[in-house]
Structure formats: C-alpha cells, structure tokens
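Visitor: Structure file run11.cif (mmCIF, C-alpha atoms) is given on the next line.
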data_entry
#
loop_
_atom_site.group_PDB
_atom_site.id
_atom_site.type_symbol
_atom_site.label_atom_id
_atom_site.label_comp_id
_atom_site.auth_asym_id
_atom_site.auth_seq_id
_atom_site.Cartn_x
_atom_site.Cartn_y
_atom_site.Cartn_z
ATOM 1 C CA MET A 1 132.425 71.471 74.652
ATOM 2 C CA GLU A 2 133.790 67.974 74.162
ATOM 3 C CA VAL A 3 135.874 68.313 77.355
ATOM 4 C CA LYS A 4 132.816 69.293 79.383
ATOM 5 C CA THR A 5 130.808 66.404 77.970
ATOM 6 C CA GLY A 6 133.601 63.972 78.813
ATOM 7 C CA LYS A 7 133.925 65.389 82.315
ATOM 8 C CA VAL A 8 130.195 65.107 82.964
ATOM 9 C CA PHE A 9 130.156 61.560 81.600
ATOM 10 C CA SER A 10 133.119 60.506 83.767
ATOM 11 C CA GLN A 11 131.538 62.004 86.888
ATOM 12 C CA HIS A 12 128.241 60.288 86.170
ATOM 13 C CA LEU A 13 130.015 56.983 85.531
ATOM 14 C CA ALA A 14 131.949 57.332 88.794
ATOM 15 C CA LYS A 15 128.724 57.911 90.742
ATOM 16 C CA GLU A 16 127.032 54.912 89.119
ATOM 17 C CA LEU A 17 130.077 52.728 89.817
ATOM 18 C CA LEU A 18 130.245 53.863 93.438
ATOM 19 C CA MET A 19 126.556 53.133 93.920
ATOM 20 C CA ALA A 20 126.864 49.687 92.329
ATOM 21 C CA VAL A 21 129.831 48.787 94.519
ATOM 22 C CA GLY A 22 127.942 49.980 97.608
ATOM 23 C CA VAL A 23 124.866 47.891 96.780
ATOM 24 C CA VAL A 24 126.975 44.786 96.134
ATOM 25 C CA ALA A 25 128.856 45.341 99.412
ATOM 26 C CA VAL A 26 125.594 45.650 101.383
ATOM 27 C CA VAL A 27 124.074 42.547 99.787
ATOM 28 C CA LEU A 28 127.276 40.564 100.347
ATOM 29 C CA GLY A 29 127.416 41.719 103.968
ATOM 30 C CA LEU A 30 123.822 40.675 104.576
ATOM 31 C CA ALA A 31 124.396 37.296 102.927
ATOM 32 C CA LEU A 32 127.464 36.591 105.064
ATOM 33 C CA GLY A 33 126.235 38.132 108.300
ATOM 34 C CA ILE A 34 122.641 36.914 108.554
ATOM 35 C CA ASP A 35 121.910 33.246 109.178
ATOM 36 C CA LEU A 36 118.526 32.596 107.616
ATOM 37 C CA PRO A 37 116.549 29.683 109.092
ATOM 38 C CA GLU A 38 116.104 26.673 106.848
ATOM 39 C CA GLU A 39 112.823 24.865 106.517
ATOM 40 C CA LYS A 40 112.531 21.186 107.334
ATOM 41 C CA LEU A 41 112.761 18.601 104.577
ATOM 42 C CA ALA A 42 109.602 18.100 102.554
ATOM 43 C CA ASP A 43 107.325 15.361 103.835
ATOM 44 C CA PRO A 44 105.113 13.842 101.086
ATOM 45 C CA ALA A 45 102.613 12.767 103.742
ATOM 46 C CA ASP A 46 102.259 16.293 105.166
ATOM 47 C CA ASN A 47 99.464 18.269 103.559
ATOM 48 C CA THR A 48 99.402 21.067 106.144
ATOM 49 C CA TYR A 49 102.287 23.117 104.805
ATOM 50 C CA VAL A 50 101.178 26.617 103.876
ATOM 51 C CA PRO A 51 103.309 27.874 100.960
ATOM 52 C CA ARG A 52 104.185 31.549 101.130
ATOM 53 C CA PRO A 53 106.091 33.539 98.504
ATOM 54 C CA GLU A 54 109.108 35.671 99.331
ATOM 55 C CA TRP A 55 108.333 39.168 100.637
ATOM 56 C CA TYR A 56 108.967 40.857 97.294
ATOM 57 C CA PHE A 57 106.203 38.750 95.696
ATOM 58 C CA LEU A 58 103.689 39.162 98.516
ATOM 59 C CA PHE A 59 101.854 42.026 96.777
ATOM 60 C CA LEU A 60 101.197 39.810 93.749
ATOM 61 C CA PHE A 61 100.224 36.952 96.076
ATOM 62 C CA GLN A 62 97.632 39.155 97.792
ATOM 63 C CA LEU A 63 96.467 40.672 94.512
ATOM 64 C CA LEU A 64 95.808 37.170 93.206
ATOM 65 C CA LYS A 65 93.552 36.433 96.200
ATOM 66 C CA LEU A 66 91.407 39.461 95.329
ATOM 67 C CA PHE A 67 90.578 38.009 91.902
ATOM 68 C CA PRO A 68 89.600 34.356 92.404
ATOM 69 C CA GLY A 69 88.495 31.876 89.779
ATOM 70 C CA GLN A 70 88.312 33.060 86.194
ATOM 71 C CA MET A 71 89.285 36.582 87.268
ATOM 72 C CA GLU A 72 92.848 35.427 88.060
ATOM 73 C CA LEU A 73 93.970 36.634 84.643
ATOM 74 C CA VAL A 74 93.236 40.205 85.728
ATOM 75 C CA ALA A 75 95.642 39.930 88.675
ATOM 76 C CA ILE A 76 98.285 37.935 86.811
ATOM 77 C CA VAL A 77 98.401 39.823 83.506
ATOM 78 C CA VAL A 78 96.137 42.862 83.199
ATOM 79 C CA ILE A 79 97.021 44.878 86.323
ATOM 80 C CA PRO A 80 100.823 44.243 86.310
ATOM 81 C CA LEU A 81 100.945 44.954 82.575
ATOM 82 C CA ALA A 82 98.945 48.162 82.992
ATOM 83 C CA GLY A 83 101.261 49.332 85.774
ATOM 84 C CA THR A 84 104.360 48.553 83.718
ATOM 85 C CA VAL A 85 102.994 50.342 80.661
ATOM 86 C CA LEU A 86 102.093 53.345 82.831
ATOM 87 C CA LEU A 87 105.594 53.636 84.274
ATOM 88 C CA TYR A 88 107.305 53.207 80.910
ATOM 89 C CA GLY A 89 104.881 55.565 79.223
ATOM 90 C CA LEU A 90 105.104 58.431 81.715
ATOM 91 C CA PRO A 91 108.254 59.996 80.181
ATOM 92 C CA PHE A 92 106.472 60.197 76.836
ATOM 93 C CA VAL A 93 103.275 61.673 78.297
ATOM 94 C CA ASP A 94 104.754 64.046 80.858
ATOM 95 C CA ARG A 95 107.420 65.975 78.900
ATOM 96 C CA ASN A 96 107.959 68.587 81.611
ATOM 97 C CA PRO A 97 111.733 69.243 81.769
ATOM 98 C CA VAL A 98 111.586 70.298 85.435
ATOM 99 C CA ARG A 99 112.780 67.579 87.817
ATOM 100 C CA HIS A 100 111.242 68.745 91.097
ATOM 101 C CA PRO A 101 108.378 66.417 92.166
ATOM 102 C CA LYS A 102 106.073 69.310 93.056
ATOM 103 C CA GLN A 103 106.275 70.634 89.528
ATOM 104 C CA ARG A 104 105.627 67.218 87.981
ATOM 105 C CA PRO A 105 102.349 66.196 89.649
ATOM 106 C CA LEU A 106 101.351 63.558 87.072
ATOM 107 C CA ALA A 107 104.561 61.561 87.340
ATOM 108 C CA SER A 108 104.832 62.082 91.100
ATOM 109 C CA TRP A 109 101.307 60.981 91.916
ATOM 110 C CA ALA A 110 101.511 58.003 89.576
ATOM 111 C CA GLY A 111 104.635 56.806 91.373
ATOM 112 C CA VAL A 112 103.120 57.438 94.807
ATOM 113 C CA VAL A 113 99.910 55.544 93.982
ATOM 114 C CA ILE A 114 101.754 52.528 92.574
ATOM 115 C CA LEU A 115 104.228 52.435 95.473
ATOM 116 C CA ALA A 116 101.438 52.797 98.041
ATOM 117 C CA GLY A 117 99.473 49.999 96.383
ATOM 118 C CA VAL A 118 102.491 47.674 96.446
ATOM 119 C CA LEU A 119 103.213 48.473 100.115
ATOM 120 C CA VAL A 120 99.590 47.989 101.207
ATOM 121 C CA LEU A 121 99.257 44.693 99.342
ATOM 122 C CA THR A 122 102.606 43.504 100.722
ATOM 123 C CA ALA A 123 101.600 44.261 104.312
ATOM 124 C CA TRP A 124 98.186 42.708 103.728
ATOM 125 C CA GLY A 125 99.661 39.555 102.227
ATOM 126 C CA ALA A 126 102.143 39.202 105.085
ATOM 127 C CA ASP A 127 99.417 39.383 107.733
ATOM 128 C CA LEU A 128 98.091 35.882 108.328
ATOM 129 C CA PRO A 129 94.946 36.210 110.450
ATOM 130 C CA ARG A 130 95.249 34.679 113.903
ATOM 131 C CA GLU A 131 92.175 32.533 113.448
ATOM 132 C CA VAL A 132 93.550 31.115 110.212
ATOM 133 C CA ALA A 133 96.889 30.423 111.898
ATOM 134 C CA ARG A 134 95.102 28.751 114.818
ATOM 135 C CA THR A 135 93.053 26.580 112.452
ATOM 136 C CA ILE A 136 96.171 25.575 110.571
ATOM 137 C CA GLY A 137 97.859 24.702 113.852
ATOM 138 C CA LEU A 138 94.939 22.554 114.996
ATOM 139 C CA ASN A 139 94.810 20.772 111.638
ATOM 140 C CA LYS A 140 98.536 20.102 111.765
ATOM 141 C CA ALA A 141 98.244 18.620 115.243
ATOM 142 C CA ALA A 142 95.326 16.385 114.252
ATOM 143 C CA ILE A 143 97.037 15.203 111.078
ATOM 144 C CA ALA A 144 100.304 14.518 112.922
ATOM 145 C CA ALA A 145 98.397 12.471 115.500
ATOM 146 C CA GLY A 146 96.548 10.643 112.724
ATOM 147 C CA LYS A 147 99.854 9.785 111.073
ATOM 148 C CA GLU A 148 101.068 8.217 114.343
ATOM 149 C CA ILE A 149 97.873 6.144 114.556
ATOM 150 C CA PHE A 150 98.366 5.072 110.929
ATOM 151 C CA GLU A 151 101.851 3.835 111.793
ATOM 152 C CA GLN A 152 100.803 2.192 115.073
ATOM 153 C CA LYS A 153 98.054 0.233 113.321
ATOM 154 C CA GLN A 154 100.589 -0.768 110.630
ATOM 155 C CA CYS A 155 98.234 0.320 107.869
ATOM 156 C CA SER A 156 101.195 0.460 105.474
ATOM 157 C CA MET A 157 101.318 -3.351 105.581
ATOM 158 C CA CYS A 158 98.325 -3.289 103.220
ATOM 159 C CA HIS A 159 98.168 0.265 101.820
ATOM 160 C CA ALA A 160 100.803 2.297 99.994
ATOM 161 C CA ILE A 161 101.177 6.075 99.853
ATOM 162 C CA ARG A 162 102.530 7.153 96.469
ATOM 163 C CA GLY A 163 103.930 3.694 95.908
ATOM 164 C CA GLN A 164 105.622 3.457 99.324
ATOM 165 C CA GLY A 165 104.190 0.482 101.210
ATOM 166 C CA GLN A 166 102.366 -2.695 100.313
ATOM 167 C CA ASN A 167 99.832 -2.866 97.501
ATOM 168 C CA PHE A 168 97.303 -5.313 98.923
ATOM 169 C CA GLY A 169 94.876 -2.420 99.234
ATOM 170 C CA PRO A 170 94.459 0.736 97.135
ATOM 171 C CA ASP A 171 97.065 3.486 97.217
ATOM 172 C CA LEU A 172 95.856 6.130 99.655
ATOM 173 C CA ALA A 173 97.405 9.122 97.861
ATOM 174 C CA GLY A 174 94.746 11.545 96.632
ATOM 175 C CA LEU A 175 92.040 9.946 98.761
ATOM 176 C CA SER A 176 90.300 13.296 99.311
ATOM 177 C CA LYS A 177 89.910 13.719 95.543
ATOM 178 C CA ARG A 178 87.958 10.463 95.281
ATOM 179 C CA TYR A 179 85.908 10.379 98.474
ATOM 180 C CA ASP A 180 84.567 12.762 101.075
ATOM 181 C CA GLU A 181 85.465 12.678 104.762
ATOM 182 C CA ALA A 182 82.224 10.998 105.875
ATOM 183 C CA TYR A 183 82.719 8.127 103.408
ATOM 184 C CA VAL A 184 86.316 7.506 104.539
ATOM 185 C CA GLU A 185 85.322 7.545 108.196
ATOM 186 C CA GLY A 186 82.465 5.127 107.410
ATOM 187 C CA VAL A 187 84.913 2.683 105.803
ATOM 188 C CA LEU A 188 87.190 2.880 108.838
ATOM 189 C CA LYS A 189 84.337 2.238 111.259
ATOM 190 C CA ASN A 190 82.898 -0.750 109.409
ATOM 191 C CA PRO A 191 84.822 -1.924 106.319
ATOM 192 C CA GLN A 192 82.622 -5.017 105.875
ATOM 193 C CA GLN A 193 79.481 -2.936 105.586
ATOM 194 C CA VAL A 194 80.932 -0.744 102.826
ATOM 195 C CA TYR A 195 82.956 -3.465 101.092
ATOM 196 C CA PRO A 196 81.451 -6.896 101.894
ATOM 197 C CA GLY A 197 84.086 -9.606 101.955
ATOM 198 C CA THR A 198 87.035 -7.223 102.266
ATOM 199 C CA PRO A 199 89.956 -8.546 104.347
ATOM 200 C CA MET A 200 90.441 -5.100 105.869
ATOM 201 C CA PRO A 201 89.895 -5.177 109.646
ATOM 202 C CA ALA A 202 88.242 -2.315 111.498
ATOM 203 C CA PRO A 203 90.821 -0.333 113.516
ATOM 204 C CA ASN A 204 88.383 -0.120 116.455
ATOM 205 C CA LEU A 205 89.411 3.369 117.519
ATOM 206 C CA PRO A 206 87.637 5.781 119.873
ATOM 207 C CA PRO A 207 85.839 8.659 118.075
ATOM 208 C CA GLU A 208 88.580 11.213 118.764
ATOM 209 C CA GLU A 209 91.336 9.004 117.323
ATOM 210 C CA MET A 210 89.100 8.036 114.408
ATOM 211 C CA GLU A 211 88.753 11.728 113.512
ATOM 212 C CA LYS A 212 92.528 12.178 113.627
ATOM 213 C CA LEU A 213 93.175 9.146 111.426
ATOM 214 C CA THR A 214 90.550 10.384 108.981
ATOM 215 C CA ALA A 215 92.148 13.849 108.960
ATOM 216 C CA PHE A 216 95.516 12.307 108.097
ATOM 217 C CA LEU A 217 94.065 10.192 105.279
ATOM 218 C CA MET A 218 92.194 13.177 103.837
ATOM 219 C CA SER A 219 95.402 15.228 103.869
ATOM 220 C CA LEU A 220 97.207 12.856 101.522
ATOM 221 C CA GLU A 221 97.562 14.137 97.978
#
Now that the file is in, can you turn its structure into structure tokens?
Guide:
Amino acid sequence: MEVKTGKVFSQHLAKELLMAVGVVAVVLGLALGIDLPEEKLADPADNTYVPRPEWYFLFLFQLLKLFPGQMELVAIVVIPLAGTVLLYGLPFVDRNPVRHPKQRPLASWAGVVILAGVLVLTAWGADLPREVARTIGLNKAAIAAGKEIFEQKQCSMCHAIRGQGQNFGPDLAGLSKRYDEAYVEGVLKNPQQVYPGTPMPAPNLPPEEMEKLTAFLMSLE
C-alpha cells in the first residue's frame, strides 16, 4: 500500500512539475518574443490621458463603473468577497465525490456563471465607445493647440505650472478646481474688467484660439 501511495504521489508530482515548467517556458517565450509598445513619458501639463488598467483587471474596472458614488464599496469589497467565499466554500457545500461536471451541477454552474461574468465585464470594459474616443481625441487636439498658444504668448513669464515658471501671477495648476470655464475665459478676454489694476495684458486672440487656450488652462491639475 505504501508503494502504491508513493508511486501515485511521484506521478502527480511529475505532472505538476511538467506543467509548471511548461507555463514558465511559455511566459518566458512571450516576454522575449513580443515587443510591447511603451507609452510616452508623462507630461504634467497633459490632462487628456485616459488611464486604463491591464486586461486582467478590466472586469473590476467595469464593475466599479456600475456602482458609482457611495456604492463603490459594493464593487470593490462586497461582490469580489462574495465570489471568493463562494468558490472557497463550494467544496464544503457540494460533497459529491463524482468529478464529472454533469453530475456536479452546483459546482459546475457556479463556475460557469462566475467565469461568464468576468468575461462579459472584461469585454465590456475593453470596449471604449467610438463617440467617447472621438470626444477624447477632439479634447486632446484642442488642449495641445492651447498649450502651443500658451507658449507662443510666453504666459510662463508671469505664471507657473506646479512651480515651473515665474511667480508674478498665480500658479495655474488646479485652475479648474477654483474657477469654471466661463470665468477663466472672461479673465483672458478682459483682465482689467475682472481684476482692475492687474498688469496682465489681454492676449487678444480670436474666439477659436481663445477656446483652445481656455481648454488647456482648464486641463491643468
């Protein structure tokens, strides 16, 4: 009996070892053979970057969007914890010794439902609507153009962004948290009217360029 037990254990260990070596070989091959694109360096003046989690976290990312505000705790803690408890608790609830999935409907359906939910949420989270992508693209273009206008008008000679630049005027970082877009555009159009006696000159821009400069200033965090 001891010989049989040892033989079974050695065979099982050999299978586990072979599987582990195979997985490591595949991962190593993918790491060496696939050249993943790198993102550009972070720009503190760029507020248009859309952060996205890695694919294996997309289902949690999408789940979080379904429970906004104070309901976030449900998506972050309650649902993942319930799923984990369900999976760990199944062996204690379903004590059927048969291993065939058809003869273990409780465990089989629980696994299918959880896997299907993860796959659906992952696909949903990976699908960025075209209109949203288009809006992001338009905003990026406007903000990039506004940044060029900011540099052409040498606004940094008086204003700093997160401490970078001159401090004759207020730091422009976090401007959108203090003022709305209409107020900022009003200051740009006529600084003397909003702040009498200010040395700030009006940039005298056409409406389209004024909107772009305002978009850039409102993007600063």
Visitor: Which residues are close to Met200 in chain A, i.e. within 9 Å by all atoms listed in the file, leaving aside same-chain residues fewer than 4 positions away? Reply as an MDAnalysis selection string.
Guide: chainID A and resid 158 169 191:192
Visitor: From the options A:Gln70, A:Ala145, A:Leu115, A:Phe168, which residue's atoms come nearest to Glu208 in chain A, counting only C-alpha atoms?
Guide: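 So, comparing all the options, the nearest one is A:Ala145.
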Visitor: To one decimal place, how far is CA of Ala75 in chain A from CA of Ser219 in chain A in Å?
Guide: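 CA of Ser219 in chain A lies at a distance of 29.0 Å from CA of Ala75 in chain A.
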Visitor: Go through A:Ala215, A:Leu86, A:Val194, A:Leu121 one by one, measure the shortest atom-to-atom distance of each to Lys65 in chain A using all atoms listed in the file, and give the residue with the smallest value.
Guide: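 With all atoms listed in the file as the atom set, the closest residue is A:Leu121.
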Visitor: Work out how far apart CA of Leu213 in chain A and CA of Met157 in chain A are and give it in Å to one decimal.
Guide: 16.0 Å
Visitor: At a cut-off of 10 Å, using only C-alpha atoms, what residues contact Ser156 in chain A? Leave out same-chain residues fewer than 3 positions from it and give the result as a CSV table (one decimal) with C-alpha atoms, in the frame of the given file.
Guide:
chain,number,residue,atom,x,y,z
A,150,PHE,CA,98.4,5.1,110.9
A,151,GLU,CA,101.9,3.8,111.8
A,152,GLN,CA,100.8,2.2,115.1
A,153,LYS,CA,98.1,0.2,113.3
A,159,HIS,CA,98.2,0.3,101.8
A,160,ALA,CA,100.8,2.3,100.0
A,161,ILE,CA,101.2,6.1,99.9
A,164,GLN,CA,105.6,3.5,99.3
A,165,GLY,CA,104.2,0.5,101.2
A,166,GLN,CA,102.4,-2.7,100.3
A,167,ASN,CA,99.8,-2.9,97.5
A,168,PHE,CA,97.3,-5.3,98.9
A,169,GLY,CA,94.9,-2.4,99.2
A,171,ASP,CA,97.1,3.5,97.2
A,172,LEU,CA,95.9,6.1,99.7
Visitor: Between CA of Lys147 in chain A and CA of Tyr179 in chain A, what distance in Å does the model show, to one decimal?
Guide: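 Interatomic distance here is 18.8 Å.
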Visitor: Using all atoms listed in the file, which residue out of A:Leu28, A:Leu119, A:Leu90, A:Leu63 lies closest to Val77 in chain A?
Guide: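 Looking at the shortest contact to Val77 in chain A, the residue is A:Leu63.
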Visitor: Mind checking which residues fall within 9 Å of Ile149 in chain A, counting only C-alpha atoms, ignoring those fewer than 5 positions away in the same chain, and posting them as a list in words?
Guide: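 After dropping sequence-adjacent residues, the list is Ala144, Gln154, Cys155, Glu209, Met210, Lys212 and Leu213 of chain A.
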Visitor: Set the distance at 12 Å and use only C-alpha atoms: which residues neighbour range 91-93 of chain A once local chain neighbours fewer than 5 positions away are removed? I'd like the list as a list in words.
Guide: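 My reading of the contact set: Val85, Leu86, Arg99, Arg104, Leu106, Ala107, Ser108 and Ala110 of chain A.
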Visitor: Nearest residue to Trp55 in chain A out of A:Val184, A:Leu217, A:Ala123, A:Ile143, using only C-alpha atoms?
Guide: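 Under the stated criterion, the closest residue is A:Ala123.
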Visitor: Output the residue selection produced by the PyMOL selection byres ((chain A and resi 58) around 9) on the file above, formatted as a list in words.
Guide: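 Going through the file, the PyMOL selection byres ((chain A and resi 58) around 9) ends up selecting Arg52, Pro53, Glu54, Trp55, Tyr56, Phe57, Phe59, Leu60, Phe61, Gln62, Leu63, Val118, Leu121, Thr122, Ala123, Trp124, Gly125 and Ala126 of chain A.
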